[in-house]
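J.: Structure below; questions to follow.
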Amino acid sequence: IDYNEQGECTYCQNHVHIRDLKDKLQDKEVELDKIISDAKEKRIKNGGVYDAIVPISGGKDSAYVAYYLKKKFDLDILLISYDNGFLSEYAKDNVWKIANELDSDLVVIKPKWSLMKKCFAAMMRETNEFCNCCNSMGYLLLASYIVRMSKVWNHLPATFLGWVGRYESQPGIQSFTIPEFLKIME
């Protein structure tokens with residue numbers, strides 16, 4: 001926590017900034033309403049199963065997105081969790097609690113440990129860090145699952161991420177696009 005010249009802490013300063021954004025958010029709400037009505041319409045038209053897919057980690061960001069979509073918009077959502085081998089028991093418990101509380105289907109994707117070790121080794125060798133292995137591989141696995149299952153579901157549901165992106169802003173952490181990640185993994 002840092003304090004400015006007036007003695008306001010960082011959290012208070014951010015709160016004021018967020019409060020100032022409310023007018024801008026109204027336009028985003030109209031955009032979100034359109035995306036959601038289109039998703040519901042597509043599911044009904046195509047006889048689909050889900051309106052939306054929410055990747056969920058067990059953390060507060062993805063939990064809130066799932067809760068918001070289910071409770072405010074009454075969407076039929078599919079929760080997808082990615083277990084990279086380092087998911088804490090607390091996070092795993094949260095994923096299941098959220099799925100049960102929202103009465104939503106849950107798919108957990110857990111890659112083979114041998115594949116994860118290969119990924120971690122390649123990332124350490126090429127970039128001197130391995131965090132992007134989980135991020136990039138997680139998105140690849142989720143995307144491939146969603147595309148494959150869209151054929152079964154008769155449509156591609158809207159996908160909503162509950163990730164604030166703080167990870168990329170951490171000093172010393174590199175971010176990669178999916179093509180860059182795949183090149184490193186060759």
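Identifiers for the structure tokens are assigned positionally: chains receive A, B, ... in sequence, residues are indexed from 1 per chain, and ligands are indexed from 1 in the order shown.
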For stretch 93-104 of chain A, list every protein, DNA or RNA residue within 12 Å, evaluated using only C-alpha atoms, and leave out those in the same chain fewer than 2 positions away; present the list as a PDB file with C-alpha atoms, in the first residue's frame.
T.:
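Final file, around37.pdb:
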ATOM      1  CA  VAL A  49     -26.912 -26.956 -24.793  1.00  0.00           C
ATOM      2  CA  TYR A  50     -25.097 -23.906 -23.393  1.00  0.00           C
ATOM      3  CA  ASP A  51     -25.391 -20.161 -23.810  1.00  0.00           C
ATOM      4  CA  ALA A  52     -21.904 -19.509 -22.505  1.00  0.00           C
ATOM      5  CA  ILE A  53     -18.654 -21.083 -21.420  1.00  0.00           C
ATOM      6  CA  VAL A  54     -16.733 -19.732 -18.450  1.00  0.00           C
ATOM      7  CA  PRO A  55     -13.192 -20.946 -17.794  1.00  0.00           C
ATOM      8  CA  ILE A  56     -12.924 -21.052 -14.006  1.00  0.00           C
ATOM      9  CA  SER A  57      -9.861 -21.219 -11.783  1.00  0.00           C
ATOM     10  CA  GLY A  58     -11.443 -21.168  -8.342  1.00  0.00           C
ATOM     11  CA  GLY A  59     -10.402 -17.544  -7.884  1.00  0.00           C
ATOM     12  CA  LYS A  60     -12.619 -14.541  -7.333  1.00  0.00           C
ATOM     13  CA  SER A  62     -13.752 -16.158 -12.750  1.00  0.00           C
ATOM     14  CA  ALA A  63     -16.156 -17.018  -9.909  1.00  0.00           C
ATOM     15  CA  TYR A  64     -17.727 -13.577 -10.155  1.00  0.00           C
ATOM     16  CA  VAL A  65     -18.108 -13.788 -13.932  1.00  0.00           C
ATOM     17  CA  ALA A  66     -19.822 -17.183 -13.627  1.00  0.00           C
ATOM     18  CA  TYR A  67     -22.079 -15.940 -10.824  1.00  0.00           C
ATOM     19  CA  TYR A  68     -22.943 -12.742 -12.704  1.00  0.00           C
ATOM     20  CA  LEU A  69     -23.840 -14.527 -15.949  1.00  0.00           C
ATOM     21  CA  LYS A  70     -25.911 -17.180 -14.187  1.00  0.00           C
ATOM     22  CA  LYS A  71     -27.724 -14.993 -11.654  1.00  0.00           C
ATOM     23  CA  LYS A  72     -28.183 -11.736 -13.564  1.00  0.00           C
ATOM     24  CA  ASP A  74     -29.979 -16.664 -16.279  1.00  0.00           C
ATOM     25  CA  LEU A  75     -27.569 -18.181 -18.798  1.00  0.00           C
ATOM     26  CA  ASP A  76     -27.021 -21.896 -19.166  1.00  0.00           C
ATOM     27  CA  ILE A  77     -23.273 -21.955 -18.585  1.00  0.00           C
ATOM     28  CA  LEU A  78     -20.607 -24.598 -18.803  1.00  0.00           C
ATOM     29  CA  LEU A  79     -17.723 -24.131 -16.402  1.00  0.00           C
ATOM     30  CA  ILE A  80     -14.330 -25.373 -17.583  1.00  0.00           C
ATOM     31  CA  SER A  81     -11.372 -25.685 -15.248  1.00  0.00           C
ATOM     32  CA  TYR A  82      -7.763 -26.309 -16.221  1.00  0.00           C
ATOM     33  CA  ASP A  83      -5.682 -28.262 -13.699  1.00  0.00           C
ATOM     34  CA  LEU A  87      -3.897 -26.119  -8.620  1.00  0.00           C
ATOM     35  CA  SER A  88      -4.237 -25.881  -4.843  1.00  0.00           C
ATOM     36  CA  GLU A  89      -6.787 -27.958  -2.955  1.00  0.00           C
ATOM     37  CA  TYR A  90      -8.429 -24.682  -1.959  1.00  0.00           C
ATOM     38  CA  ALA A  91      -8.840 -23.668  -5.629  1.00  0.00           C
ATOM     39  CA  LEU A 106     -18.253 -28.536 -14.965  1.00  0.00           C
ATOM     40  CA  VAL A 107     -15.478 -29.995 -17.115  1.00  0.00           C
ATOM     41  CA  VAL A 108     -11.987 -30.304 -15.659  1.00  0.00           C
TER      42      VAL A 108
END
J.: Work out how far atom CA of A:Cys119 is from atom CA of A:Ser136, in Å to one decimal.
T.: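 That distance, rounded to one decimal, is 10.1 Å.
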J.: Apply DSSP to the structure's backbone, then extract all residues of stretch 56-174 of chain A labelled helix (DSSP H, G or I) and return them as a PyMOL selection string.
T.: chain A and resi 60-73+89-101+113-127+131-153+166-169
J.: Please, which residues of stretch 21-116 of chain A, numbered as in this document, come out strand (DSSP E) from DSSP, as a list of chain:residue names?
T.: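 Everything in stretch 21-116 of chain A that counts as strand (DSSP E) is A:Ala52, A:Ile53, A:Val54, A:Pro55, A:Ile77, A:Leu78, A:Leu79, A:Ile80, A:Ser81, A:Tyr82, A:Asp105, A:Leu106, A:Val107, A:Val108, A:Ile109.
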J.: Those residues with N, CA, C and O atoms, as a PDB file, in the first residue's frame please?
T.:
ATOM      1  N   ALA A  52     -23.236 -20.071 -22.728  1.00  0.00           N
ATOM      2  CA  ALA A  52     -21.904 -19.509 -22.505  1.00  0.00           C
ATOM      3  C   ALA A  52     -20.988 -20.520 -21.841  1.00  0.00           C
ATOM      4  O   ALA A  52     -21.440 -21.437 -21.150  1.00  0.00           O
ATOM      5  N   ILE A  53     -19.700 -20.296 -22.059  1.00  0.00           N
ATOM      6  CA  ILE A  53     -18.654 -21.083 -21.420  1.00  0.00           C
ATOM      7  C   ILE A  53     -17.836 -20.122 -20.566  1.00  0.00           C
ATOM      8  O   ILE A  53     -17.481 -19.031 -21.013  1.00  0.00           O
ATOM      9  N   VAL A  54     -17.549 -20.552 -19.347  1.00  0.00           N
ATOM     10  CA  VAL A  54     -16.733 -19.732 -18.450  1.00  0.00           C
ATOM     11  C   VAL A  54     -15.570 -20.579 -17.939  1.00  0.00           C
ATOM     12  O   VAL A  54     -15.782 -21.496 -17.145  1.00  0.00           O
ATOM     13  N   PRO A  55     -14.353 -20.297 -18.412  1.00  0.00           N
ATOM     14  CA  PRO A  55     -13.192 -20.946 -17.794  1.00  0.00           C
ATOM     15  C   PRO A  55     -13.084 -20.473 -16.351  1.00  0.00           C
ATOM     16  O   PRO A  55     -13.203 -19.279 -16.071  1.00  0.00           O
ATOM     17  N   ILE A  77     -24.724 -22.054 -18.412  1.00  0.00           N
ATOM     18  CA  ILE A  77     -23.273 -21.955 -18.585  1.00  0.00           C
ATOM     19  C   ILE A  77     -22.595 -23.296 -18.346  1.00  0.00           C
ATOM     20  O   ILE A  77     -23.074 -24.119 -17.563  1.00  0.00           O
ATOM     21  N   LEU A  78     -21.498 -23.476 -19.039  1.00  0.00           N
ATOM     22  CA  LEU A  78     -20.607 -24.598 -18.803  1.00  0.00           C
ATOM     23  C   LEU A  78     -19.340 -24.028 -18.195  1.00  0.00           C
ATOM     24  O   LEU A  78     -18.728 -23.119 -18.756  1.00  0.00           O
ATOM     25  N   LEU A  79     -18.966 -24.542 -17.043  1.00  0.00           N
ATOM     26  CA  LEU A  79     -17.723 -24.131 -16.402  1.00  0.00           C
ATOM     27  C   LEU A  79     -16.628 -25.094 -16.842  1.00  0.00           C
ATOM     28  O   LEU A  79     -16.844 -26.310 -16.878  1.00  0.00           O
ATOM     29  N   ILE A  80     -15.472 -24.542 -17.202  1.00  0.00           N
ATOM     30  CA  ILE A  80     -14.330 -25.373 -17.583  1.00  0.00           C
ATOM     31  C   ILE A  80     -13.150 -24.959 -16.725  1.00  0.00           C
ATOM     32  O   ILE A  80     -12.807 -23.785 -16.648  1.00  0.00           O
ATOM     33  N   SER A  81     -12.539 -25.952 -16.074  1.00  0.00           N
ATOM     34  CA  SER A  81     -11.372 -25.685 -15.248  1.00  0.00           C
ATOM     35  C   SER A  81     -10.166 -26.402 -15.832  1.00  0.00           C
ATOM     36  O   SER A  81     -10.284 -27.499 -16.371  1.00  0.00           O
ATOM     37  N   TYR A  82      -9.018 -25.774 -15.709  1.00  0.00           N
ATOM     38  CA  TYR A  82      -7.763 -26.309 -16.221  1.00  0.00           C
ATOM     39  C   TYR A  82      -6.853 -26.597 -15.031  1.00  0.00           C
ATOM     40  O   TYR A  82      -6.473 -25.688 -14.304  1.00  0.00           O
ATOM     41  N   ASP A 105     -22.902 -27.311 -15.132  1.00  0.00           N
ATOM     42  CA  ASP A 105     -22.004 -28.398 -15.518  1.00  0.00           C
ATOM     43  C   ASP A 105     -20.562 -27.915 -15.424  1.00  0.00           C
ATOM     44  O   ASP A 105     -20.273 -26.737 -15.638  1.00  0.00           O
ATOM     45  N   LEU A 106     -19.669 -28.849 -15.117  1.00  0.00           N
ATOM     46  CA  LEU A 106     -18.253 -28.536 -14.965  1.00  0.00           C
ATOM     47  C   LEU A 106     -17.428 -29.586 -15.687  1.00  0.00           C
ATOM     48  O   LEU A 106     -17.662 -30.778 -15.532  1.00  0.00           O
ATOM     49  N   VAL A 107     -16.462 -29.122 -16.478  1.00  0.00           N
ATOM     50  CA  VAL A 107     -15.478 -29.995 -17.115  1.00  0.00           C
ATOM     51  C   VAL A 107     -14.116 -29.585 -16.569  1.00  0.00           C
ATOM     52  O   VAL A 107     -13.788 -28.398 -16.539  1.00  0.00           O
ATOM     53  N   VAL A 108     -13.347 -30.566 -16.122  1.00  0.00           N
ATOM     54  CA  VAL A 108     -11.987 -30.304 -15.659  1.00  0.00           C
ATOM     55  C   VAL A 108     -11.027 -30.931 -16.664  1.00  0.00           C
ATOM     56  O   VAL A 108     -11.112 -32.122 -16.948  1.00  0.00           O
ATOM     57  N   ILE A 109     -10.137 -30.123 -17.204  1.00  0.00           N
ATOM     58  CA  ILE A 109      -9.139 -30.595 -18.153  1.00  0.00           C
ATOM     59  C   ILE A 109      -7.808 -30.678 -17.410  1.00  0.00           C
ATOM     60  O   ILE A 109      -7.349 -29.693 -16.825  1.00  0.00           O
TER      61      ILE A 109
END
J.: Nearest to A:Leu156 among A:Lys42, A:Asn14, A:Asp2, A:Phe86, with distances taken over only C-alpha atoms: which residue is it?
T.: A:Lys42
